[in-house]
Each structure stands twice: as C-alpha cells, then as structure tokens.
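> Please read through the structure below; I'll follow up with questions.
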Protein chains: 2
Amino acid sequence: MVAVVISIGDELVCGLTINTNAAWLSQQLAAVGIHVQAHLTVGDDMPTIIQTIRAAIGSCDLILISGGLGPTEDDLTREALARTLDEELVEDSQARAGLEAFFQRLNRPMVASNLVQARRPVSARCVENTCGTAPGLVARFDSTDIFVMPGVPREMKEMFDREFLPLLKKRSGGNVTRVLKLNTFGAGESWIGQRLGDLMKRTNQPAIGTTVQEGIVAVRIYATGPLDTVDSMLAEARRAVLERLGNLIFSEHDITLEQVVAELLKRRRHTLAVAESCTGGLLTQMLTSIAGSSVYFLRGWITYSNAAKIEDLCVAADLIARHGAVSGQVAQAMADNARRKAGADWGIGITGIAGPDGGTADKPVGLVYIAMAGTDGITVRRCQFAGDRYGVRVRAAQMALTLLRFKLLGLDAGVVLP
Amino acid sequence: MVAVVISIGDELVCGLTINTNAAWLSQQLAAVGIHVQAHLTVGDDMPTIIQTIRAAIGSCDLILISGGLGPTEDDLTREALARTLDEELVEDSQARAGLEAFFQRLNRPMVASNLVQARRPVSARCVENTCGTAPGLVARFDSTDIFVMPGVPREMKEMFDREFLPLLKKRSGGNVTRVLKLNTFGAGESWIGQRLGDLMKRTNQPAIGTTVQEGIVAVRIYATGPLDTVDSMLAEARRAVLERLGNLIFSEHDITLEQVVAELLKRRRHTLAVAESCTGGLLTQMLTSIAGSSVYFLRGWITYSNAAKIEDLCVAADLIARHGAVSGQVAQAMADNARRKAGADWGIGITGIAGPDGGTADKPVGLVYIAMAGTDGITVRRCQFAGDRYGVRVRAAQMALTLLRFKLLGLDAGVVLP
C-alpha cells in the first residue's frame with residue numbers, strides 16, 4: 001500500500017511554518033506498514049490543489065491531506081476536493097449540528113462563515129473534530145482513498161489516531177517498520193553513544209540512533225521486517241539497550257518525565273509541594289499539566305524575591321545573608337518548609353541563576369541548587385547546566401523530576417550526572 | 001518567476017527527519033521575489049526522483065533540489081538528473097581536484113566511492129561545496145533552471161547564499177515578497193475573518209490570510225511587488241488590518257504575549273503577583289520566562305487545594321464554602337490577597353476547571369474565572385474555553401495576559417470575547 005501526503009497552506013510554501021505534519025503522518029503510516037512515496041506541499045491556490053490531488057490519485061492507494069479546512073476565504077481544500085471528484089458541496093446535517101453544539105458549549109454566537117465547515121462533497125463523509133471546528137473528510141476516487149484532516153497539528157493528530165489509524169491498521173500488509181523510543185535524562189549524548197557502542201553501527205538491523213533535546217537523550221530503535229518477527233527483533237534490541245543504560249531510561253515512546261513521576265506519586269499515594277525560584281513555575285506547571293494532578297500536588301510557591309522566600313516560605317533571613325539566595329542551604333530550607341507548610345510527603349526547592357544576567361565568577365549562569373525533602377531527610381544537589389535561559393530552566397526542572405523519580409524508586413541517583 | 005523546491009531522502013518521507021530545508025529555501029526565494037509553487041519531497045528512489053523532476057520542469061522556471069548528493073549507494077540525485085536530461089555522467093576534473101584537496105586538508109585518505117561526487121551530466125556545471133565533499137550542480141532543461149544542493153542544511157545554506165542567491169537576485173525582475181505577521185488574541189478565527197472581510201479576498205494584492213494556534217489568531221500579509229513599492233504596499237495593508245482589528249492585535253512577527261506584557265510592566269515600573277489554581281504555574285512560568293523578569297515579577301502561589309487557598313493566600317473559608325473554589329468571588333480574593341501580600345501593583349487570580357474531569361452541569365470543564373486586582377479595584381471575568389486540559393490552561397493564561405495588557409494600556413477589554 002502506497003501513500004502520498006499532501007499539506008496545504010500558503011504559510012508552508014512561503015516558508016513561514018515548517019511542515020511537521022507530513023513527517024508525523026509518515027511515521028504513523030510506517031508503523032502500520034504503509035510506504036509513503038512523497039510529501040507534496042502546496043499553497044492556498046485552487047488550480048494547484050486540484051492538480052496536486054489529481055496527480056496523486058494516479059500514483060497511490062491512499063492520500064492524506066492536511067490543512068485548508070478553516071472557515072475563511074483562504075481555506076480551499078473542501079472546494080478543491082469537490083471539484084476533483086466532480087461533485088457538488090452539500091451541507092452535512094450532523095456536522096452542522098456538531099458546529100452549533102461547539103459554539104453553544106462556548107456560549108459564543110456562531111459566525112455564518114463557520115457553516116462552510118459543515119459542507120462536504122456529496123459522496124464524502126464528515127469526520128468529527130473533537131478539538132476544533134473543522135470536521136475532517138473521507139472520500140474515494142477510483143481505487144484511491146482520500147482522508148482530509150485539519151492543518152492544526154494537535155487537531156490533525158487527534159483525528160488521525162481516533163478515526164484513520166484504526167481503518168488503516170485493518171488494511172495494510174507486508175514489511176512493517178516499528179520504532180521504539182527510549183528516553184533518558186542525566187547523561188550526555190556522547191556518553192550514551194559510547195555506552196551503546198557497537199549497537200549503533202549503521203549496518204545493524206534493527207538500527208539504533210540517538211537524538212537530543214533539552215537534555216533528554218532519546219534512543220530510537222528502528223526494526224523493519226515481516227509483521228510476525230518485527231516485534232521480537234525490537235524486543236531483543238530493547239533488552240540490549242536497557243542492559244547498557246539501565247535506570248537512565250525513564251520512559252518509552254512519548255511518555256514525559258512528569259508523567260512518569262506523576263504515576264509513581266499516585267501509585268504510592270504520596271503528595272508533593274514545590275518551592276521554585278529560578279524555574280519560575282515551570283516545574284509546577286509540568287507537574288500540574290497531568291489530569292488528576294490535584295491528588296498528588298498540594299501547593300507551590302514561586303519565591304522570586306528574597307522577601308517572598310522569607311515571608312511566604314519562612315526561610316531564615318540570616319541564612320540568605322550568609323550563603324546567598326542561590327545556595328544549597330537556601331534550597332534545602334525552601335524544600336523543607338514547602339513540605340512542612342503543605343503537610344506533604346515530599347518537598348522540592350530550586351534556586352539558581354537562569355541567566356542571561358546575574359552570574360558571577362563564583363556563581364555562574366546555569367548554577368542551580370535542587371533540594372529534596374522527604375521522610376528520610378533532606379538532600380541537595382549542585383548542578384551546572386548549559387544553554388540559554390530557557391535551556392537552564394528546562395534542564396533544572398527535568399533534573400528535579402529525575403531526582404524525585406530516583407527517590408520514589410528507592411534508587412541511588414549517583415548515575416545521574418550533575 | 002515560479003519555483004519548485006524538491007527535497008530528496010528516505011529519512012524525509014519516512015518522517016524521521018523534519019524537512020526544514022524547503023521552508024528555508026522558500027523564505028530566501030520570497031525575499032528576492034520568487035514565488036514557490038510547491039515543495040515536493042521524495043525518497044531515494046530513481047523512478048520517483050526522475051518523474052518528480054520531469055513533472056516540475058513543465059510547471060515552473062526554477063527547480064531547487066537538495067539531497068541525494070552523498071557518496072553512498074542511496075544517493076541518486078546526480079544519476080537521476082542525468083537521466084532526466086538524457087545525458088551521460090562525466091567526471092569533472094576541477095571537482096575531482098577539489099575533492100582530493102578536501103581530504104588532503106583533513107589528512108585522511110579519500111575513499112574511492114567519493115569519486116562519484118565529482119561526476120556531472122555533460123551539460124551541467126559543478127558548484128564548489130566549501131563545507132563538505134558533495135559539489136552542487138547547475139543545469140538547464142528547456143527554459144527551466146535546475147540548481148542542485150547537498151541535503152545537509154549547513155552545506156545547502158552556504159552554497160545557496162554564495163552561488164545561487166546572487167544569480168537569482170539578478171534575474172527576479174525586482175519583484176519581491178514581504179511578509180508581516182500580526183498576532184491577535186481574544187476573538188475566534190471566523191470572527192477575525194468576518195471583520196477583515198474583503199481584505200481577505202484571494203485575488204487581493206497584498207494577500208491576507210489567517211492561521212490559529214492555541215487561541216492566538218495570526219493575520220499574515222503577503223505583499224509581492226517591485227522592491228521600491230512593496231514596503232509601502234505592506235504598510236498600507238497593515239494600516240487597513242489595524243483599523244479593523246485594533247487592540248486585538250498584540251504584536252507583530254514572533255513577539256509573544258508575555259513579551260508584550262513584560263515590556264509594558266517594565267516601562268511603567270509596575271510589579272505583579274500571581275495566584276494560580278487550574279493553570280498550575282503556567283502563567284507564572286510564562287511571565288518569568290523572560291530575561292530580567294525579577295524586575296516586575298514578585299511572587300507566585302500555586303494554590304491547588306482549598307487548604308492552600310485559605311492558609312497561604314488568606315482566602316476566607318466561608319467564601320469557598322458559599323461559592324465554591326471555582327467562582328468569581330474566590331478568583332477576586334486570590335488576586336486581591338496576592339497583590340497585598342506581595343505589595344505589588346497588580347495581582348492576578350485564576351481558578352477554573354482544566355479537565356478532563358471535575359466538570360458539572362453548572363461549572364463545566366473549561367470554565368475559568370480570571371481576576372485582576374490593581375490600584376483601581378478588582379475586576380473578574382468568567383471565561384468558557386474550548387479544548388483539552390492543555391488547551392484550556394494555555395487559553396486561560398493567554399487570556400490573563402491579555403486582560404492585564406488592556407489594563408496596562410488603560411483600555412477597555414470589552415472587545416475581548418469571554
């Protein structure tokens with residue numbers, strides 16, 4: 001089964017937006033054994049869109065289209081599909097009801113132009129959009145299936161996973177590619193590469209590669225083969241990687257560090273309070289981004305100023321005077337007092353210099369103290385992070401989650417580099 | 001002058017590498033007035049590459065190709081170009097000398113397979129690669145110019161800037177494209193579309209389009225014309241858009257809402273404290289993501305539990321009992337007390353239901369109260385946001401920033417939809 005991915009939007013061909021949808025769709029298709037022949041990206045131009053869909057119809061079994069389903073005049077995909085199929089556009093009563101319900105939920109009047117989003121080519125079927133107003137479309141021309149999705153990545157992904165992936169799983173056959181991503185935090189990419197050694201040879205099958213983003217080194221295993229053997233190939237390679245990297249791996253696929261820590265806290269029925277200075281709410285935001293976080297997350301303080309540390313968190317003024325606001329002692333007091341005030345099992349205190357200004361020879365930009373208070377006492381770690389303000393803050397938050405993860409697992413965090 | 005950008009590589013159509021080259025090339029071409037009609041991305045497959053180049057030749061004046069120039073077996077672009085032109089590949093003596101010099105500089109032996117990189121179709125010209133081993137190619141078929149570059153972004157960019165951009169500048173006939181992005185928050189895309197009305201007609205010059213992400217609707221103006229008039233065309237279109245959207249526009253280009261608000265706070269030497277419940281630190285994280293934020297940001301509380309609201313923020317227990325933790329009254333108390341405790345000019349209080357659970361008929365998921373306390377008193381706004389947990393939280397934080405922005409500008413926020 002051969003597919004073509006078509007992305008539609010002026011912002012794409014003008015280079016203002018990098019097309020990430022096409023790559024994402026290709027990965028999903030590879031996972032179910034569908035070969036992608038080409039990505040075709042065109043602007044909001046009717047003749048070009050029609051010509052592109054027509055040319056693709058002749059060369060593949062499946063066309064995935066994203067973009068151009070909005071309510072404004074530059075959204076032409078519905079009309080272009082209708083003209084390609086040589087059909088009229090009609091209003092879909094269910095899609096219209098869905099649109100009306102969407103605006104009712106928001107308690108906003110529906111603008112008349114939104115109604116065009118309920119239209120579909122006569123022979124096509126509308127597909128519900130649970131995150132936005134633009135329904136998707138399913139059509140067929142000769143022997144080619146055409147799936148149309150919104151261009152907003154989150155809406156497209158949700159619709160693809162819910163509606164289209166189950167359809168495609170049923171139909172594909174032959175060699176499939178399975179990709180497994182193992183996520184690590186606490187060691188550099190070159191260290192991970194050295195540790196994996198011969199496993200990373202380019203000629204290996206499965207192939208293993210690494211990528212790094214904000215301190216998280218992802219190890220990807222790509223196994224290609226017949227459906228009945230590919231999973232065991234992948235499992236074997238996974239075991240080999242686990243043997244070499246052990247507890248540095250915190251999750252598989254796209255499971256985040258905060259999800260892992262949230263799961264551990266929930267399972268142990270432990271609660272948490274957080275006091276942040278340089279990370280400015282980032283760690284708390286990550287911890288509360290997960291549904292049901294009120295079970296484990298009790299309170300947070302963002303004590304940016306010294307006055308806030310003293311008044312809100314009862315950090316002793318002379319402790320700050322003696323050691324400075326960025327010090328292991330202050331981090332420990334923040335963690336301990338946050339834990340006590342909230343009556344939580346765990347308290348985290350973070351203080352450091354995110355930059356770009358504020359660094360000194362003694363305490364350079366990127367220096368962050370992270371303290372953990374628990375029933376077994378308080379520990380603190382001095383970290384020196386690289387990167388800009390954003391990078392330092394993200395790495396500090398990830399490190400705090402990692403240290404808490406090791407605590408919750410009852411493991412020594414010595415393997416995690418400072 | 002119309003161009004097509006072709007990107008070649010299995011890693012691209014498999015979705016393992018996101019294609020950033022095509023967007024970069026489009027931006028460069030737009031800046032010299034060349035319109036890009038399509039991005040075509042294909043794998044390392046000879047018939048597909050040939051067919052793609054042939055189809056493009058018929059539809060444009062310029063083809064930019066990147067990728068597939070390496071020394072290994074999966075690099076097919078040279079051969080595909082030769083077959084498209086119906087020519088033999090010959091060795092280019094200057095390119096061979098360049099390759100030999102490259103390896104000599106690195107003091108490494110040249111592998112025999114590298115020699116294929118010195119080959120070119122008879123009528124083509126080799127272009128030096130100063131960062132790597134793969135020379136580029138320039139060819140012509142009928143009236144279409146074909147420029148071929150390496151796929152490694154750094155090598156491609158260097159070659160394009162050095163060799164191809166000067167050629168294109170001479171030829172583009174003076175017409176250039178300028179793009180301006182105007183960012184709005186507080187109205188839906190369809191509402192914005194209706195307000196812009198005839199400005200968005202597809203036949204207009206400059207062309208105006210909208211895209212939306214997490215509640216932020218971006219209005220893009222694309223002006224194409226001679227160098228000496230394009231900027232005034234853009235300015236005029238900008239004025240027309242501003243006239244219709246006014247204060248809903250918070251910035252141009254990629255300036256974020258938090259940057260705008262930070263700038264306003266700094267300019268007025270105002271300070272801020274934030275009390276968050278459902279947004280869980282997200283707003284504070286955004287406000288502190290900006291370098292130097294300690295000048296205006298004083299303190300933050302993430303009062304997830306009722307106990308935290310009562311103990312840390314002195315919200316009256318009976319206020320919560322009477323109206324519920326998610327209520328305008330509690331949001332106002334949070335804002336007011338945060339402001340007083342921190343001694344700040346402004347206090348923000350946010351309480352709501354981010355979901356997916358916790359909603360009721362009376363207080364559904366997405367309901368968020370946002371209160372602003374200032375010297376002129378306290379205001380509160382009831383908002384109903386769409387989307388999942390992430391979407392609700394982001395929109396609530398953006399709305400809080402927007403309401404503060406209107407306050408700081410001394411403007412009425414009535415135009416912002418709830």
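Chain labels A, B, ... are given in the sequence in which chains occur in the structure tokens; within each chain residues are numbered consecutively from 1, and ligands are likewise numbered from 1 in the order shown.
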Would you mind listing what lies within 10 Å of B:Glu158 as JSON, numbers by chain, with only C-alpha atoms counted and same-chain residues fewer than 3 positions away left out?
{"B": [129, 130, 131, 149, 153, 154, 155, 161, 162, 163, 164]}
> I need the residues from that last selection saved to file as a compact mmCIF listing (two decimals), in the first residue's frame (with C-alpha atoms), if you can.

```txt
# COMPACT_ATOMS: atom_id res chain seq x y z
CA ASN B 129 30.98 22.93 -1.61
CA THR B 130 33.13 24.71 0.95
CA CYS B 131 31.74 22.79 3.97
CA MET B 149 22.49 21.36 -3.47
CA PRO B 153 21.33 22.14 5.96
CA ARG B 154 24.59 23.91 6.74
CA GLU B 155 26.16 22.93 3.40
CA ASP B 161 23.93 32.10 -0.28
CA ARG B 162 27.29 32.05 -2.04
CA GLU B 163 26.42 30.73 -5.51
CA PHE B 164 22.71 30.75 -6.20
```
> May I have the residues within 8 Å of B:Ala308 as a ChimeraX atom specification, using only C-alpha atoms and disregarding those fewer than 4 positions away in the same chain?
/A:298-299,342 /B:303-304,312-313
> In Å, how much C-alpha RMSD is there between chain B and chain A after the fit, with all atoms paired in order?
6.9 Å
> Taking only C-alpha atoms into account, produce a table as a Markdown table in which each residue of chain A with an atom at most 7 Å from an atom of chain B appears once, together with its shortest atom pair and the distance in Å to one decimal, ordered by chain and rising number.

```
| residue | atom | partner | partner_atom | distance |
| --- | --- | --- | --- | --- |
| A:Leu12 | CA | B:Ala23 | CA | 6.9 |
| A:Val13 | CA | B:Ala38 | CA | 6.1 |
| A:Cys14 | CA | B:Ser26 | CA | 5.3 |
| A:Gly15 | CA | B:Ala23 | CA | 3.7 |
| A:Leu16 | CA | B:Ala23 | CA | 6.8 |
| A:Ile18 | CA | B:Ala23 | CA | 5.8 |
| A:Asn19 | CA | B:Asn19 | CA | 7.0 |
| A:Thr20 | CA | B:Ile18 | CA | 6.1 |
| A:Ala23 | CA | B:Gly15 | CA | 3.7 |
| A:Trp24 | CA | B:Gly15 | CA | 5.9 |
| A:Ser26 | CA | B:Gly15 | CA | 4.9 |
| A:Gln27 | CA | B:Gly15 | CA | 5.1 |
| A:Ala30 | CA | B:Cys14 | CA | 6.9 |
| A:Val36 | CA | B:Val13 | CA | 6.1 |
| A:Gln37 | CA | B:Val42 | CA | 6.2 |
| A:Ala38 | CA | B:Val42 | CA | 4.6 |
| A:His39 | CA | B:Thr41 | CA | 4.9 |
| A:Leu40 | CA | B:Leu40 | CA | 4.8 |
| A:Thr41 | CA | B:His39 | CA | 4.9 |
| A:Val42 | CA | B:Ala38 | CA | 4.6 |
| A:Gly43 | CA | B:Gln37 | CA | 6.8 |
| A:Pro71 | CA | B:Ser190 | CA | 5.9 |
| A:Thr72 | CA | B:Gly193 | CA | 5.8 |
| A:Glu73 | CA | B:Lys201 | CA | 6.6 |
| A:Asp74 | CA | B:Gly209 | CA | 6.3 |
| A:Leu106 | CA | B:Gln384 | CA | 5.6 |
| A:Val111 | CA | B:Ser190 | CA | 6.4 |
| A:Ser113 | CA | B:Ser190 | CA | 6.5 |
| A:Asn114 | CA | B:Ser190 | CA | 6.4 |
| A:Cys131 | CA | B:Gly387 | CA | 5.4 |
| A:Gly280 | CA | B:Gln285 | CA | 5.2 |
| A:Gly281 | CA | B:Gln285 | CA | 4.6 |
| A:Leu282 | CA | B:Gln285 | CA | 5.0 |
| A:Thr284 | CA | B:Gly281 | CA | 5.6 |
| A:Gln285 | CA | B:Gly281 | CA | 4.5 |
| A:Thr288 | CA | B:Gly280 | CA | 5.5 |
| A:Ser289 | CA | B:Tyr390 | CA | 6.9 |
| A:Ala291 | CA | B:Pro356 | CA | 6.5 |
| A:Ser294 | CA | B:Tyr304 | CA | 6.6 |
| A:Leu298 | CA | B:Tyr304 | CA | 5.8 |
| A:Arg299 | CA | B:Thr303 | CA | 5.3 |
| A:Gly300 | CA | B:Ile302 | CA | 4.5 |
| A:Trp301 | CA | B:Trp301 | CA | 4.7 |
| A:Ile302 | CA | B:Gly300 | CA | 4.5 |
| A:Thr303 | CA | B:Arg299 | CA | 5.3 |
| A:Tyr304 | CA | B:Arg299 | CA | 5.8 |
| A:Ser305 | CA | B:Leu298 | CA | 5.9 |
| A:Ala308 | CA | B:Arg299 | CA | 6.2 |
| A:Gly355 | CA | B:Ala291 | CA | 6.8 |
| A:Pro356 | CA | B:Ala291 | CA | 6.5 |
| A:Tyr390 | CA | B:Ser289 | CA | 6.9 |
```
> As a ChimeraX atom specification, please: every residue in stretch 98-258 of chain A that a backbone DSSP assignment puts in helix (DSSP H, G or I).
/A:98-106,112-118,153-171,189-200,227-248,257-258
> May I have the residues within 8 Å of A:Gly68 as a short mmCIF file (atom, residue, chain, number, x, y, z; two decimals) with N, CA and C atoms, in the first residue's frame, using only C-alpha atoms and disregarding those fewer than 3 positions away in the same chain?

```cif
data_model
loop_
_atom_site.label_atom_id
_atom_site.label_comp_id
_atom_site.auth_asym_id
_atom_site.auth_seq_id
_atom_site.Cartn_x
_atom_site.Cartn_y
_atom_site.Cartn_z
N ILE A 8 -1.41 21.53 2.78
CA ILE A 8 -1.92 22.71 2.08
C ILE A 8 -1.84 23.95 2.97
N GLY A 9 -1.24 25.01 2.44
CA GLY A 9 -1.19 26.27 3.19
C GLY A 9 -0.12 27.20 2.66
N ASP A 44 -2.38 27.97 -0.86
CA ASP A 44 -3.83 28.10 -0.92
C ASP A 44 -4.25 28.59 -2.30
N ASP A 74 -9.34 31.79 2.49
CA ASP A 74 -8.12 31.15 2.01
C ASP A 74 -8.12 29.65 2.32
N ASP A 75 -9.24 29.14 2.79
CA ASP A 75 -9.35 27.70 3.06
C ASP A 75 -10.10 27.04 1.92
N LEU A 76 -9.38 26.34 1.06
CA LEU A 76 -9.95 25.90 -0.21
C LEU A 76 -10.04 24.39 -0.37
N THR A 77 -9.64 23.64 0.64
CA THR A 77 -9.49 22.20 0.46
C THR A 77 -10.82 21.49 0.17
N ARG A 78 -11.89 21.89 0.92
CA ARG A 78 -13.20 21.26 0.69
C ARG A 78 -13.65 21.43 -0.77
N PRO A 150 -7.63 18.56 9.51
CA PRO A 150 -7.27 19.97 9.72
C PRO A 150 -5.74 20.12 9.73
N GLY A 151 -5.25 21.32 9.51
CA GLY A 151 -3.82 21.55 9.50
C GLY A 151 -3.22 21.79 10.87
#
```
> Looking at B:Thr360, B:Gln94, B:Ser251, B:Thr84, which one is nearest to B:Arg140, with distances taken over only C-alpha atoms?
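Using only C-alpha atoms, the shortest distance to B:Arg140 belongs to B:Thr84.
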> Quick one: pick out all strand (DSSP E or B) residues within stretch 126-245 of chain A from a backbone DSSP run and write them as an MDAnalysis selection string.
chainID A and resid 126:127 136:141 144:149 176:185 207:213 216:225
> Take the residues just selected and output them with N, CA and C atoms as a short mmCIF file (atom, residue, chain, number, x, y, z; two decimals), in the first residue's frame.

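selection05.cif, freshly written:
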```cif
data_model
loop_
_atom_site.label_atom_id
_atom_site.label_comp_id
_atom_site.auth_asym_id
_atom_site.auth_seq_id
_atom_site.Cartn_x
_atom_site.Cartn_y
_atom_site.Cartn_z
N CYS A 126 -18.22 13.21 6.57
CA CYS A 126 -17.58 14.12 7.51
C CYS A 126 -17.05 13.33 8.71
N VAL A 127 -15.93 13.78 9.26
CA VAL A 127 -15.32 13.13 10.42
C VAL A 127 -15.24 14.15 11.54
N GLY A 136 -13.16 16.66 9.56
CA GLY A 136 -12.37 16.04 8.51
C GLY A 136 -13.28 15.47 7.44
N LEU A 137 -12.67 14.88 6.41
CA LEU A 137 -13.44 14.30 5.32
C LEU A 137 -12.84 12.96 4.89
N VAL A 138 -13.70 12.05 4.49
CA VAL A 138 -13.25 10.80 3.88
C VAL A 138 -13.91 10.67 2.53
N ALA A 139 -13.11 10.44 1.48
CA ALA A 139 -13.68 10.28 0.15
C ALA A 139 -12.93 9.17 -0.58
N ARG A 140 -13.42 8.81 -1.73
CA ARG A 140 -12.77 7.77 -2.52
C ARG A 140 -12.89 8.15 -3.98
N PHE A 141 -11.81 7.99 -4.75
CA PHE A 141 -11.84 8.25 -6.18
C PHE A 141 -11.17 7.07 -6.85
N THR A 144 -8.51 4.95 -4.98
CA THR A 144 -7.69 5.70 -4.03
C THR A 144 -8.55 6.29 -2.91
N ASP A 145 -8.15 6.00 -1.66
CA ASP A 145 -8.84 6.59 -0.52
C ASP A 145 -8.24 7.95 -0.22
N ILE A 146 -9.09 8.90 0.12
CA ILE A 146 -8.63 10.26 0.42
C ILE A 146 -9.12 10.64 1.80
N PHE A 147 -8.18 10.90 2.71
CA PHE A 147 -8.52 11.32 4.07
C PHE A 147 -8.08 12.78 4.22
N VAL A 148 -8.98 13.63 4.67
CA VAL A 148 -8.65 15.05 4.83
C VAL A 148 -8.75 15.44 6.30
N MET A 149 -7.71 16.10 6.80
CA MET A 149 -7.65 16.49 8.21
C MET A 149 -7.34 17.98 8.35
N VAL A 176 6.77 -4.23 7.80
CA VAL A 176 6.41 -3.04 8.56
C VAL A 176 7.64 -2.53 9.29
N THR A 177 7.61 -1.27 9.63
CA THR A 177 8.68 -0.69 10.42
C THR A 177 8.12 -0.35 11.78
N ARG A 178 8.82 -0.79 12.80
CA ARG A 178 8.42 -0.42 14.15
C ARG A 178 9.54 0.43 14.74
N VAL A 179 9.14 1.50 15.37
CA VAL A 179 10.13 2.37 16.00
C VAL A 179 9.84 2.40 17.49
N LEU A 180 10.88 2.21 18.29
CA LEU A 180 10.72 2.33 19.74
C LEU A 180 11.65 3.43 20.22
N LYS A 181 11.10 4.36 20.98
CA LYS A 181 11.91 5.44 21.51
C LYS A 181 12.08 5.22 23.00
N LEU A 182 13.32 5.20 23.47
CA LEU A 182 13.61 5.08 24.90
C LEU A 182 14.19 6.41 25.35
N ASN A 183 13.61 7.00 26.37
CA ASN A 183 14.01 8.34 26.78
C ASN A 183 14.89 8.30 28.03
N THR A 184 15.99 9.05 27.95
CA THR A 184 16.91 9.10 29.09
C THR A 184 17.11 10.54 29.53
N PHE A 185 17.40 10.72 30.81
CA PHE A 185 17.84 12.04 31.28
C PHE A 185 18.93 11.81 32.32
N ALA A 207 18.29 -0.89 13.46
CA ALA A 207 19.21 0.24 13.57
C ALA A 207 18.89 1.03 14.84
N ILE A 208 19.94 1.58 15.45
CA ILE A 208 19.74 2.35 16.68
C ILE A 208 20.40 3.71 16.53
N GLY A 209 19.68 4.76 16.85
CA GLY A 209 20.22 6.10 16.76
C GLY A 209 19.81 6.94 17.96
N THR A 210 20.50 8.06 18.14
CA THR A 210 20.16 8.93 19.26
C THR A 210 19.88 10.35 18.78
N THR A 211 18.99 11.03 19.48
CA THR A 211 18.80 12.46 19.26
C THR A 211 18.69 13.11 20.64
N VAL A 212 18.95 14.40 20.69
CA VAL A 212 18.92 15.07 22.00
C VAL A 212 18.08 16.33 21.92
N GLN A 213 17.30 16.59 22.96
CA GLN A 213 16.51 17.82 23.02
C GLN A 213 16.35 18.24 24.47
N ILE A 216 17.26 15.82 27.22
CA ILE A 216 16.70 14.48 27.13
C ILE A 216 17.28 13.79 25.89
N VAL A 217 18.04 12.71 26.12
CA VAL A 217 18.61 11.97 25.01
C VAL A 217 17.67 10.80 24.71
N ALA A 218 17.14 10.79 23.49
CA ALA A 218 16.23 9.72 23.07
C ALA A 218 17.01 8.70 22.26
N VAL A 219 16.86 7.43 22.61
CA VAL A 219 17.46 6.35 21.84
C VAL A 219 16.35 5.72 21.02
N ARG A 220 16.50 5.73 19.68
CA ARG A 220 15.45 5.18 18.82
C ARG A 220 15.91 3.87 18.21
N ILE A 221 15.06 2.88 18.28
CA ILE A 221 15.33 1.59 17.65
C ILE A 221 14.37 1.46 16.47
N TYR A 222 14.92 1.24 15.25
CA TYR A 222 14.10 1.07 14.05
C TYR A 222 14.22 -0.37 13.58
N ALA A 223 13.14 -1.13 13.68
CA ALA A 223 13.15 -2.51 13.19
C ALA A 223 12.22 -2.63 11.99
N THR A 224 12.74 -3.18 10.90
CA THR A 224 11.93 -3.39 9.70
C THR A 224 11.91 -4.87 9.35
N GLY A 225 10.73 -5.41 9.13
CA GLY A 225 10.65 -6.83 8.78
C GLY A 225 9.20 -7.27 8.70
#
```
> Using only C-alpha atoms for the distances, tell me which of A:Arg96, A:Arg105, A:His270, A:Lys169 is nearest to B:Ala361.
A:Arg105
> I'd like the neighbourhood of stretch 336-339 of chain A as a list of chain:residue names, where a residue qualifies if any of its atoms comes within 9 Å (using only C-alpha atoms), though same-chain residues fewer than 4 positions away should be ignored.
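Residues near the query, excluding close chain neighbours: A:Leu272, A:Ala273, A:Val274, A:Ala275, A:Arg299, A:Gly300, A:Trp301, A:Leu313, A:Cys314, A:Val315, A:Ala331, A:Gln332, A:Gly343, A:Ala344, A:Asp345, A:Trp346, A:Gly347, A:Ile348, A:Gly349, A:Ala371, A:Met372, A:Ala373, A:Gly374, A:Gly377, A:Ile378.
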> In terms of the shortest atom-to-atom distance over only C-alpha atoms, which of A:Ile370, A:Val416, A:Val261, A:Ala335 is closest to A:Ala397?
A:Ile370
